[in-house]
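Okay, entry19.cif is below, mmCIF, C-alpha atoms and all ligand atoms:
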```cif
data_coords
loop_
_atom_site.label_atom_id
_atom_site.label_comp_id
_atom_site.auth_asym_id
_atom_site.auth_seq_id
_atom_site.Cartn_x
_atom_site.Cartn_y
_atom_site.Cartn_z
CA MET A 1 48.09 -51.34 178.23
CA THR A 2 51.17 -49.31 177.35
CA VAL A 3 53.30 -49.80 174.25
CA ALA A 4 55.93 -51.45 176.47
CA ASP A 5 53.34 -53.87 177.94
CA ARG A 6 52.22 -54.90 174.47
CA LEU A 7 55.80 -55.23 173.25
CA ARG A 8 56.78 -57.36 176.27
CA GLU A 9 53.92 -59.71 175.50
CA ARG A 10 55.02 -60.06 171.87
CA LEU A 11 58.64 -60.82 172.88
CA GLU A 12 57.51 -64.22 174.23
CA GLY A 13 60.16 -64.31 176.93
CA ARG A 14 63.01 -62.79 174.90
CA GLU A 15 64.97 -60.23 176.92
CA PRO A 16 66.70 -57.89 174.46
CA ARG A 17 69.70 -55.95 175.77
CA VAL A 18 70.40 -53.85 172.69
CA LEU A 19 68.08 -51.70 170.58
CA LEU A 20 69.52 -51.43 167.08
CA THR A 21 67.82 -48.77 164.99
CA LEU A 22 68.44 -49.07 161.25
CA GLY A 23 68.43 -45.99 159.05
CA SER A 24 67.52 -45.50 155.38
CA GLY A 25 68.71 -48.36 153.20
CA LEU A 26 70.08 -50.37 156.13
CA GLY A 27 66.99 -52.40 156.95
CA HIS A 28 68.27 -55.73 155.63
CA LEU A 29 70.30 -56.39 158.82
CA ALA A 30 66.96 -57.31 160.41
CA ASP A 31 66.86 -60.36 158.12
CA GLU A 32 69.90 -61.82 159.88
CA VAL A 33 68.27 -61.95 163.30
CA GLY A 34 67.99 -65.52 164.56
CA ASP A 35 65.08 -66.91 166.60
CA ALA A 36 63.25 -63.87 165.31
CA VAL A 37 59.84 -62.54 166.12
CA ALA A 38 58.65 -59.60 164.02
CA VAL A 39 56.38 -57.01 165.58
CA PRO A 40 54.85 -54.42 163.22
CA PHE A 41 54.82 -51.00 164.89
CA ALA A 42 51.05 -50.65 164.59
CA GLU A 43 50.42 -53.91 166.49
CA VAL A 44 51.97 -52.54 169.69
CA GLY A 45 50.75 -48.97 169.30
CA LEU A 46 53.92 -47.44 167.87
CA PRO A 47 53.54 -44.72 165.24
CA THR A 48 54.10 -45.83 161.64
CA SER A 49 56.08 -43.99 158.97
CA SER A 50 54.77 -42.75 155.67
CA VAL A 51 58.24 -42.76 154.07
CA PRO A 52 59.06 -45.39 151.41
CA GLY A 53 62.01 -47.51 152.59
CA HIS A 54 61.04 -47.34 156.27
CA ALA A 55 59.25 -50.62 156.87
CA GLY A 56 58.07 -49.98 160.39
CA ARG A 57 58.59 -53.05 162.53
CA LEU A 58 60.62 -54.38 165.41
CA VAL A 59 62.45 -57.67 165.09
CA ALA A 60 63.46 -59.32 168.36
CA GLY A 61 65.89 -62.19 168.49
CA GLU A 62 69.59 -62.89 168.44
CA LEU A 63 72.36 -61.25 166.43
CA GLY A 64 76.06 -61.91 166.98
CA GLY A 65 75.19 -63.89 170.10
CA VAL A 66 73.42 -60.91 171.66
CA ALA A 67 69.72 -60.53 172.44
CA VAL A 68 68.64 -57.62 170.26
CA LEU A 69 65.62 -55.61 169.33
CA VAL A 70 66.06 -54.32 165.79
CA GLN A 71 64.04 -51.27 164.81
CA GLN A 72 63.46 -51.39 161.08
CA GLY A 73 62.14 -47.98 160.08
CA ARG A 74 61.50 -44.95 162.21
CA VAL A 75 59.22 -41.95 162.25
CA HIS A 76 60.60 -38.48 161.67
CA LEU A 77 59.58 -35.04 162.88
CA TYR A 78 59.09 -33.92 159.28
CA GLU A 79 56.14 -36.32 159.02
CA GLY A 80 54.27 -33.96 161.32
CA ILE A 81 54.52 -36.08 164.45
CA ASP A 82 55.34 -34.79 167.91
CA PRO A 83 58.73 -35.43 169.55
CA GLY A 84 57.25 -38.04 171.90
CA GLN A 85 56.20 -40.17 168.95
CA ALA A 86 59.67 -39.90 167.40
CA VAL A 87 61.15 -41.54 170.51
CA ALA A 88 58.34 -43.95 171.44
CA CYS A 89 60.33 -46.94 170.26
CA VAL A 90 63.41 -46.03 172.32
CA ARG A 91 61.26 -45.53 175.41
CA ALA A 92 59.44 -48.83 174.93
CA ALA A 93 62.79 -50.60 174.46
CA GLY A 94 64.12 -49.06 177.67
CA ALA A 95 60.96 -50.12 179.50
CA VAL A 96 61.39 -53.77 178.44
CA GLY A 97 64.99 -53.86 179.73
CA VAL A 98 67.19 -52.74 176.86
CA ASP A 99 70.30 -51.00 178.23
CA THR A 100 72.20 -50.10 175.04
CA PHE A 101 71.06 -48.14 172.01
CA VAL A 102 72.88 -48.60 168.70
CA VAL A 103 71.54 -45.96 166.34
CA THR A 104 72.31 -45.68 162.65
CA ASN A 105 71.24 -43.14 160.09
CA ALA A 106 71.93 -41.72 156.68
CA ALA A 107 73.54 -38.30 156.77
CA GLY A 108 74.92 -35.65 154.49
CA GLY A 109 78.62 -34.97 154.83
CA LEU A 110 79.79 -31.45 155.69
CA ALA A 111 83.47 -32.09 156.40
CA SER A 112 85.55 -31.38 153.29
CA ASP A 113 87.44 -34.67 153.53
CA PHE A 114 84.29 -36.85 153.63
CA SER A 115 83.19 -38.98 150.65
CA PRO A 116 79.86 -40.68 149.93
CA GLY A 117 79.92 -44.13 151.51
CA ASP A 118 82.07 -43.10 154.50
CA LEU A 119 80.97 -44.48 157.85
CA MET A 120 81.06 -41.93 160.68
CA LEU A 121 80.95 -42.82 164.36
CA ILE A 122 79.00 -40.05 166.04
CA ASP A 123 81.00 -38.51 168.87
CA ASP A 124 78.53 -35.74 169.67
CA HIS A 125 75.47 -34.02 168.27
CA LEU A 126 73.81 -30.66 167.73
CA ASN A 127 70.07 -30.81 168.33
CA LEU A 128 68.86 -28.20 165.85
CA THR A 129 65.30 -29.53 165.60
CA GLY A 130 64.07 -26.76 167.87
CA THR A 131 62.37 -29.30 170.08
CA THR A 132 62.96 -32.07 172.61
CA PRO A 133 61.17 -35.24 173.69
CA LEU A 134 61.62 -34.24 177.34
CA VAL A 135 58.77 -32.49 179.11
CA GLY A 136 59.15 -30.79 182.47
CA PRO A 137 62.19 -30.59 184.70
CA GLU A 138 64.08 -33.57 183.32
CA PHE A 139 67.63 -32.21 183.34
CA VAL A 140 69.54 -34.93 181.54
CA ASP A 141 73.33 -34.77 181.36
CA MET A 142 74.49 -34.90 177.72
CA ALA A 143 78.23 -34.37 178.30
CA ALA A 144 79.14 -37.85 177.02
CA ALA A 145 75.89 -38.84 175.36
CA TYR A 146 77.70 -41.01 172.81
CA ASP A 147 79.51 -43.44 175.09
CA PRO A 148 83.30 -43.17 174.62
CA ALA A 149 83.84 -46.82 175.57
CA LEU A 150 81.29 -47.98 173.00
CA ARG A 151 82.99 -45.82 170.39
CA THR A 152 86.29 -47.49 171.20
CA ALA A 153 84.57 -50.87 170.85
CA ALA A 154 83.20 -49.80 167.46
CA ARG A 155 86.63 -48.66 166.28
CA GLU A 156 88.07 -52.03 167.30
CA ALA A 157 85.20 -53.86 165.59
CA ALA A 158 85.73 -51.83 162.41
CA ALA A 159 89.46 -52.63 162.42
CA GLU A 160 88.66 -56.31 162.94
CA VAL A 161 86.46 -56.43 159.83
CA GLY A 162 88.81 -54.20 157.80
CA GLU A 163 86.54 -51.15 157.57
CA ASP A 164 87.64 -47.54 157.95
CA VAL A 165 85.54 -45.26 160.11
CA VAL A 166 85.71 -41.53 160.62
CA GLU A 167 84.32 -39.69 163.65
CA GLY A 168 82.42 -36.48 163.95
CA VAL A 169 79.55 -34.35 165.15
CA TYR A 170 76.05 -35.05 163.79
CA ALA A 171 73.67 -32.12 163.41
CA GLY A 172 70.01 -33.16 163.61
CA LEU A 173 67.57 -30.92 161.75
CA ARG A 174 63.85 -31.24 161.28
CA GLY A 175 63.97 -31.42 157.45
CA PRO A 176 62.55 -32.57 155.11
CA ALA A 177 64.15 -30.04 152.73
CA TYR A 178 67.84 -30.68 152.26
CA GLU A 179 70.14 -27.86 153.33
CA THR A 180 70.79 -24.67 151.41
CA PRO A 181 74.42 -23.67 150.79
CA ALA A 182 74.01 -20.98 153.48
CA GLU A 183 72.76 -23.59 155.95
CA VAL A 184 75.67 -25.86 155.04
CA ALA A 185 78.07 -22.98 155.79
CA MET A 186 76.26 -22.33 159.08
CA LEU A 187 76.44 -25.98 160.12
CA ARG A 188 80.17 -26.13 159.38
CA THR A 189 80.68 -22.98 161.46
CA LEU A 190 78.76 -24.61 164.31
CA GLY A 191 81.14 -27.56 164.26
CA ALA A 192 78.99 -30.17 162.53
CA ASP A 193 80.60 -32.81 160.33
CA ALA A 194 77.37 -34.43 159.12
CA VAL A 195 73.71 -33.48 158.94
CA GLY A 196 70.55 -35.57 159.10
CA MET A 197 66.89 -35.62 160.08
CA SER A 198 66.78 -38.16 162.88
CA THR A 199 68.69 -39.54 165.86
CA VAL A 200 69.13 -36.50 168.14
CA LEU A 201 65.72 -36.78 169.82
CA GLU A 202 66.09 -40.55 170.15
CA VAL A 203 69.48 -40.12 171.80
CA ILE A 204 68.12 -37.55 174.25
CA ALA A 205 65.31 -39.96 175.20
CA ALA A 206 67.78 -42.84 175.45
CA ARG A 207 70.04 -40.89 177.81
CA ALA A 208 67.02 -39.85 179.87
CA ALA A 209 66.15 -43.55 180.20
CA GLY A 210 69.74 -44.41 181.18
CA LEU A 211 70.70 -46.25 177.98
CA ARG A 212 74.27 -46.22 176.69
CA VAL A 213 74.46 -44.95 173.11
CA LEU A 214 76.55 -45.85 170.08
CA GLY A 215 75.77 -43.89 166.91
CA CYS A 216 76.94 -44.37 163.35
CA SER A 217 76.08 -42.38 160.22
CA VAL A 218 76.40 -43.55 156.65
CA ILE A 219 77.56 -40.49 154.72
CA THR A 220 75.30 -40.84 151.69
CA ASN A 221 76.12 -37.53 150.03
CA VAL A 222 78.58 -34.71 150.58
CA HIS A 223 77.59 -31.04 150.46
CA ARG A 224 79.88 -29.18 148.08
CA PRO A 225 79.38 -26.05 145.97
CA GLY A 226 77.32 -26.88 142.89
CA VAL A 227 76.40 -30.39 144.10
CA THR A 228 72.68 -31.11 144.44
CA THR A 229 71.19 -33.64 146.88
CA ASP A 230 68.93 -36.33 145.49
CA HIS A 231 66.85 -38.58 147.76
CA ALA A 232 67.14 -41.59 145.44
CA GLU A 233 70.93 -41.24 145.54
CA VAL A 234 70.85 -40.99 149.33
CA LEU A 235 68.94 -44.30 149.44
CA ASP A 236 71.25 -45.94 146.87
CA VAL A 237 74.46 -45.03 148.70
CA GLY A 238 72.89 -46.06 152.01
CA ARG A 239 72.00 -49.43 150.52
CA ASP A 240 75.49 -49.91 149.04
CA ALA A 241 77.18 -49.01 152.33
CA GLY A 242 74.74 -51.15 154.33
CA PRO A 243 76.77 -54.38 154.23
CA ARG A 244 79.91 -52.57 155.47
CA LEU A 245 78.04 -51.04 158.38
CA ALA A 246 76.38 -54.40 159.00
CA ALA A 247 79.81 -56.02 159.29
CA ILE A 248 80.84 -53.50 161.94
CA VAL A 249 77.58 -53.93 163.85
CA ARG A 250 77.96 -57.73 163.83
CA ALA A 251 81.48 -57.38 165.19
CA VAL A 252 80.61 -54.78 167.80
CA LEU A 253 77.57 -56.47 169.32
CA PRO A 254 79.50 -59.12 171.28
CA ARG A 255 81.74 -56.35 172.63
CA LEU A 256 78.77 -54.40 173.96
CA ALA A 257 77.35 -57.26 176.00
CA GLY A 258 80.17 -57.17 178.54
CA GLY A 259 79.71 -53.53 179.49
N1 LIG B 1 70.79 -33.64 154.80
C1 LIG B 1 69.90 -34.07 155.71
N2 LIG B 1 69.61 -35.35 155.88
C2 LIG B 1 70.23 -36.25 155.11
C3 LIG B 1 71.16 -35.87 154.14
C4 LIG B 1 71.45 -34.49 153.97
O1 LIG B 1 72.27 -34.09 153.13
N3 LIG B 1 71.61 -37.00 153.55
C5 LIG B 1 70.97 -38.04 154.14
N4 LIG B 1 70.14 -37.59 155.10
#
```
Would you mind writing the file's structure down as structure tokens?
Amino acid sequence: MTVADRLRERLEGREPRVLLTLGSGLGHLADEVGDAVAVPFAEVGLPTSSVPGHAGRLVAGELGGVAVLVQQGRVHLYEGIDPGQAVACVRAAGAVGVDTFVVTNAAGGLASDFSPGDLMLIDDHLNLTGTTPLVGPEFVDMAAAYDPALRTAAREAAAEVGEDVVEGVYAGLRGPAYETPAEVAMLRTLGADAVGMSTVLEVIAARAAGLRVLGCSVITNVHRPGVTTDHAEVLDVGRDAGPRLAAIVRAVLPRLAGG
């Protein structure tokens, strides 16, 4: 049996349309899912994370009137896994009928006008992991990987709940070391506004599977001369910003269902 077969069995007839992947400190949104069934990664053959704060389960049910599959925790390349494992959840979701991928993450800000706690809609990415989940001649178009219509929906949802959002380019690196000042300068030169250690491989796999993608980063820290990056602070800011991002997600979900 494949991961998707096992997952389908555990969904007990639920037919999720949206995969919502929650980044560091954002996991509590899974607690709001109604008619919920929780599926620990290991029980359907998905790889589990060794990182504290990444619980590692799927929660299927209903959120904002939409049938969702919430991914609470994810595995990262820096844990020594291969790219296929990093995207196994996205692929399984696509195989059980999900057509929209809402991906969130914690990221470091590079743009000089960003502040910790900002919410950034991802309008494009730089895959700087040096790898890809695609094997063989799978030539996936990435020209509008982050769906412009979904971004518009997210902007409207943010306005509705009174939250400001910025937009920018997310650079995905392997990590786990945070960036040196020289790397920060390089990333700015390359056109990145934020930097993180997830998301880009998942989005490539999602596009390959035909899913529409909406991405949002919580800017947990901002790279500035003389400012160090502390993982505990990253988690704290992510947790504090979580409810604001949750409000946007709640408001955007009903807008995604029509498309
Ligand atoms: N760099 C990489 N990943 C991150 C950061 C950062 O500054 N902040 C949160 N995730």
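Point (73.8, -44.1, 159.0) has the following residues at most 9 Å away: A:Leu22, A:Gly23, A:Ser24, A:Gly25, A:Leu26, A:Val103, A:Thr104, A:Asn105, A:Ala106, A:Ala107, A:Leu119, A:Met120, A:Gly215, A:Cys216, A:Ser217, A:Val218, A:Ile219, A:Thr220, A:Gly238, A:Ala241, A:Gly242, A:Leu245 (atoms considered: all atoms listed in the file).
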Can you write out the residues you just picked, keeping C-alpha atoms, as a short mmCIF file (atom, residue, chain, number, x, y, z; two decimals), in the frame of the given file?
```
data_model
loop_
_atom_site.label_atom_id
_atom_site.label_comp_id
_atom_site.auth_asym_id
_atom_site.auth_seq_id
_atom_site.Cartn_x
_atom_site.Cartn_y
_atom_site.Cartn_z
CA LEU A 22 68.44 -49.07 161.25
CA GLY A 23 68.43 -45.99 159.05
CA SER A 24 67.52 -45.50 155.38
CA GLY A 25 68.71 -48.36 153.20
CA LEU A 26 70.08 -50.37 156.13
CA VAL A 103 71.54 -45.96 166.34
CA THR A 104 72.31 -45.68 162.65
CA ASN A 105 71.24 -43.14 160.09
CA ALA A 106 71.93 -41.72 156.68
CA ALA A 107 73.54 -38.30 156.77
CA LEU A 119 80.97 -44.48 157.85
CA MET A 120 81.06 -41.93 160.68
CA GLY A 215 75.77 -43.89 166.91
CA CYS A 216 76.94 -44.37 163.35
CA SER A 217 76.08 -42.38 160.22
CA VAL A 218 76.40 -43.55 156.65
CA ILE A 219 77.56 -40.49 154.72
CA THR A 220 75.30 -40.84 151.69
CA GLY A 238 72.89 -46.06 152.01
CA ALA A 241 77.18 -49.01 152.33
CA GLY A 242 74.74 -51.15 154.33
CA LEU A 245 78.04 -51.04 158.38
#
```
Which chain A residues have any atom within 9 Å of an atom of ligand LIG 1 (chain B), and for each, what is the nearest pair of atoms with distance in Å to one decimal, counting only C-alpha atoms and all ligand atoms, rows sorted by chain and number, as a tab-separated table?
```
residue	atom	partner	partner_atom	distance
A:Ser24	CA	B:LIG1	C5	8.3
A:Asn105	CA	B:LIG1	N4	7.5
A:Ala106	CA	B:LIG1	C5	4.6
A:Ala107	CA	B:LIG1	C5	3.7
A:Gly108	CA	B:LIG1	O1	3.4
A:Gly109	CA	B:LIG1	O1	6.6
A:Leu110	CA	B:LIG1	O1	8.4
A:Ala171	CA	B:LIG1	C1	8.8
A:Gly172	CA	B:LIG1	C1	8.0
A:Leu173	CA	B:LIG1	C1	7.2
A:Arg174	CA	B:LIG1	C1	8.7
A:Gly175	CA	B:LIG1	C1	6.7
A:Pro176	CA	B:LIG1	C1	7.5
A:Ala177	CA	B:LIG1	C1	7.6
A:Tyr178	CA	B:LIG1	N1	4.9
A:Glu179	CA	B:LIG1	N1	6.0
A:Ala194	CA	B:LIG1	C4	7.8
A:Val195	CA	B:LIG1	C1	5.0
A:Gly196	CA	B:LIG1	N2	3.4
A:Met197	CA	B:LIG1	N2	5.0
A:Ser198	CA	B:LIG1	N2	8.1
A:Val218	CA	B:LIG1	C5	8.1
A:Ile219	CA	B:LIG1	N3	7.0
A:Thr220	CA	B:LIG1	N3	5.6
A:Asn221	CA	B:LIG1	N3	5.7
A:Val222	CA	B:LIG1	O1	6.8
A:His223	CA	B:LIG1	O1	6.7
A:Thr229	CA	B:LIG1	O1	6.4
A:Asp230	CA	B:LIG1	N3	8.5
A:His231	CA	B:LIG1	C5	7.6
A:Val234	CA	B:LIG1	C5	5.6
A:Leu235	CA	B:LIG1	C5	8.1
A:Gly238	CA	B:LIG1	C5	8.5
```
Just give me the gap between atom CA of Phe139 of chain A and atom CA of Gly97 of chain A in Å, one decimal is fine.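 We find that atom CA of Phe139 of chain A and atom CA of Gly97 of chain A lie 22.1 Å from each other.
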Arg151 of chain A proximity check over A:Ala88, A:Val252, A:Val227, A:Leu20, using all atoms listed in the file: winner is A:Val252
Two-atom distance - atom CA of Ile248 of chain A, atom CA of Ala38 of chain A (Å):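 It comes out at 23.1 Å.
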Could you give me, as a PDB file with C-alpha atoms, keeping the file's coordinate frame, the residues within 8 Å of Leu150 of chain A, counting all atoms listed in the file and dropping anything in the same chain fewer than 5 positions from it?
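Written output follows (out_32.pdb):
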```pdb
ATOM      1  CA  VAL A 213      74.460 -44.950 173.110  1.00  0.00           C
ATOM      2  CA  LEU A 214      76.550 -45.850 170.080  1.00  0.00           C
ATOM      3  CA  LEU A 256      78.770 -54.400 173.960  1.00  0.00           C
TER       4      LEU A 256
END
```
Write out as JSON an axis-aligned box for segment 120-138 of chain A: all of its atoms listed in the file, 6 Å added on each side, centre and edge lengths in Å with one decimal.
```
{"center_x": 69.9, "center_y": -34.8, "center_z": 172.7, "size_x": 34.3, "size_y": 28.1, "size_z": 36.0}
```
Residue contacts of Ala247 of chain A (8 Å, all atoms listed in the file) excluding same-chain residues fewer than 3 positions away, as a ChimeraX atom specification: /A:158,161,243-244,250-251
Figure out the distance between atom CA of Ala144 of chain A and atom CA of Asn127 of chain A, please, to one decimal in Å.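 So the answer is 14.4 Å.
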Contact residues around Ala42 of chain A with only C-alpha atoms at 12 Å, ignoring same-chain residues under 2 positions, as a PyMOL selection string: chain A and resi 3+6-7+38-40+44-49+55-58+89
I'd like to know which of A:Gly94, A:Gly168, A:Gly210, A:Gly61 is closest to Ala145 of chain A, using all atoms listed in the file. A:Gly210
Polymer residues at most 9 Å from Leu126 of chain A, all atoms listed in the file, same-chain spacing of 3 or more positions, as number ranges by chain: A: 129, 169-173, 190-192, 200
With the input short on atoms, add N, CA, C and O atoms back to segment 186-205 of chain A and write it as an mmCIF file, in the frame of the given file.
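The result, stored in part-v8.cif:
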```cif
data_model
loop_
_atom_site.group_PDB
_atom_site.id
_atom_site.type_symbol
_atom_site.label_atom_id
_atom_site.label_comp_id
_atom_site.auth_asym_id
_atom_site.auth_seq_id
_atom_site.Cartn_x
_atom_site.Cartn_y
_atom_site.Cartn_z
ATOM 1 N N MET A 186 76.595 -22.537 157.655
ATOM 2 C CA MET A 186 76.260 -22.330 159.080
ATOM 3 C C MET A 186 76.610 -23.574 159.890
ATOM 4 O O MET A 186 77.230 -23.486 160.957
ATOM 5 N N LEU A 187 76.213 -24.730 159.372
ATOM 6 C CA LEU A 187 76.440 -25.980 160.120
ATOM 7 C C LEU A 187 77.925 -26.252 160.298
ATOM 8 O O LEU A 187 78.360 -26.688 161.363
ATOM 9 N N ARG A 188 78.710 -25.957 159.261
ATOM 10 C CA ARG A 188 80.170 -26.130 159.380
ATOM 11 C C ARG A 188 80.714 -25.193 160.456
ATOM 12 O O ARG A 188 81.534 -25.592 161.289
ATOM 13 N N THR A 189 80.231 -23.955 160.458
ATOM 14 C CA THR A 189 80.680 -22.980 161.460
ATOM 15 C C THR A 189 80.342 -23.454 162.870
ATOM 16 O O THR A 189 81.097 -23.250 163.813
ATOM 17 N N LEU A 190 79.197 -24.122 162.991
ATOM 18 C CA LEU A 190 78.760 -24.610 164.310
ATOM 19 C C LEU A 190 79.537 -25.842 164.760
ATOM 20 O O LEU A 190 79.382 -26.293 165.887
ATOM 21 N N GLY A 191 80.328 -26.406 163.862
ATOM 22 C CA GLY A 191 81.140 -27.560 164.260
ATOM 23 C C GLY A 191 80.571 -28.896 163.850
ATOM 24 O O GLY A 191 81.040 -29.941 164.325
ATOM 25 N N ALA A 192 79.562 -28.892 162.975
ATOM 26 C CA ALA A 192 78.990 -30.170 162.530
ATOM 27 C C ALA A 192 79.820 -30.766 161.399
ATOM 28 O O ALA A 192 80.336 -30.044 160.548
ATOM 29 N N ASP A 193 79.917 -32.085 161.409
ATOM 30 C CA ASP A 193 80.600 -32.810 160.330
ATOM 31 C C ASP A 193 79.615 -33.511 159.410
ATOM 32 O O ASP A 193 79.960 -33.892 158.297
ATOM 33 N N ALA A 194 78.393 -33.743 159.911
ATOM 34 C CA ALA A 194 77.370 -34.430 159.120
ATOM 35 C C ALA A 194 76.007 -33.886 159.549
ATOM 36 O O ALA A 194 75.854 -33.375 160.667
ATOM 37 N N VAL A 195 75.041 -34.023 158.649
ATOM 38 C CA VAL A 195 73.710 -33.480 158.940
ATOM 39 C C VAL A 195 72.647 -34.500 158.524
ATOM 40 O O VAL A 195 72.755 -35.140 157.478
ATOM 41 N N GLY A 196 71.638 -34.634 159.391
ATOM 42 C CA GLY A 196 70.550 -35.570 159.100
ATOM 43 C C GLY A 196 69.259 -35.129 159.754
ATOM 44 O O GLY A 196 69.186 -34.044 160.346
ATOM 45 N N MET A 197 68.244 -35.987 159.636
ATOM 46 C CA MET A 197 66.890 -35.620 160.080
ATOM 47 C C MET A 197 66.356 -36.580 161.141
ATOM 48 O O MET A 197 65.145 -36.752 161.266
ATOM 49 N N SER A 198 67.249 -37.204 161.863
ATOM 50 C CA SER A 198 66.780 -38.160 162.880
ATOM 51 C C SER A 198 67.738 -38.130 164.063
ATOM 52 O O SER A 198 68.485 -37.184 164.253
ATOM 53 N N THR A 199 67.670 -39.157 164.876
ATOM 54 C CA THR A 199 68.690 -39.540 165.860
ATOM 55 C C THR A 199 68.796 -38.664 167.110
ATOM 56 O O THR A 199 68.844 -39.187 168.220
ATOM 57 N N VAL A 200 68.825 -37.321 166.958
ATOM 58 C CA VAL A 200 69.130 -36.500 168.140
ATOM 59 C C VAL A 200 68.050 -36.629 169.223
ATOM 60 O O VAL A 200 68.371 -36.731 170.418
ATOM 61 N N LEU A 201 66.783 -36.661 168.816
ATOM 62 C CA LEU A 201 65.720 -36.780 169.820
ATOM 63 C C LEU A 201 65.752 -38.159 170.468
ATOM 64 O O LEU A 201 65.551 -38.305 171.681
ATOM 65 N N GLU A 202 66.021 -39.172 169.634
ATOM 66 C CA GLU A 202 66.090 -40.550 170.150
ATOM 67 C C GLU A 202 67.223 -40.682 171.170
ATOM 68 O O GLU A 202 67.070 -41.353 172.194
ATOM 69 N N VAL A 203 68.336 -40.024 170.879
ATOM 70 C CA VAL A 203 69.480 -40.120 171.800
ATOM 71 C C VAL A 203 69.177 -39.377 173.105
ATOM 72 O O VAL A 203 69.527 -39.853 174.192
ATOM 73 N N ILE A 204 68.507 -38.257 173.018
ATOM 74 C CA ILE A 204 68.120 -37.550 174.250
ATOM 75 C C ILE A 204 67.210 -38.445 175.101
ATOM 76 O O ILE A 204 67.416 -38.608 176.307
ATOM 77 N N ALA A 205 66.227 -39.081 174.453
ATOM 78 C CA ALA A 205 65.310 -39.960 175.200
ATOM 79 C C ALA A 205 66.056 -41.165 175.758
ATOM 80 O O ALA A 205 65.781 -41.617 176.878
#
```
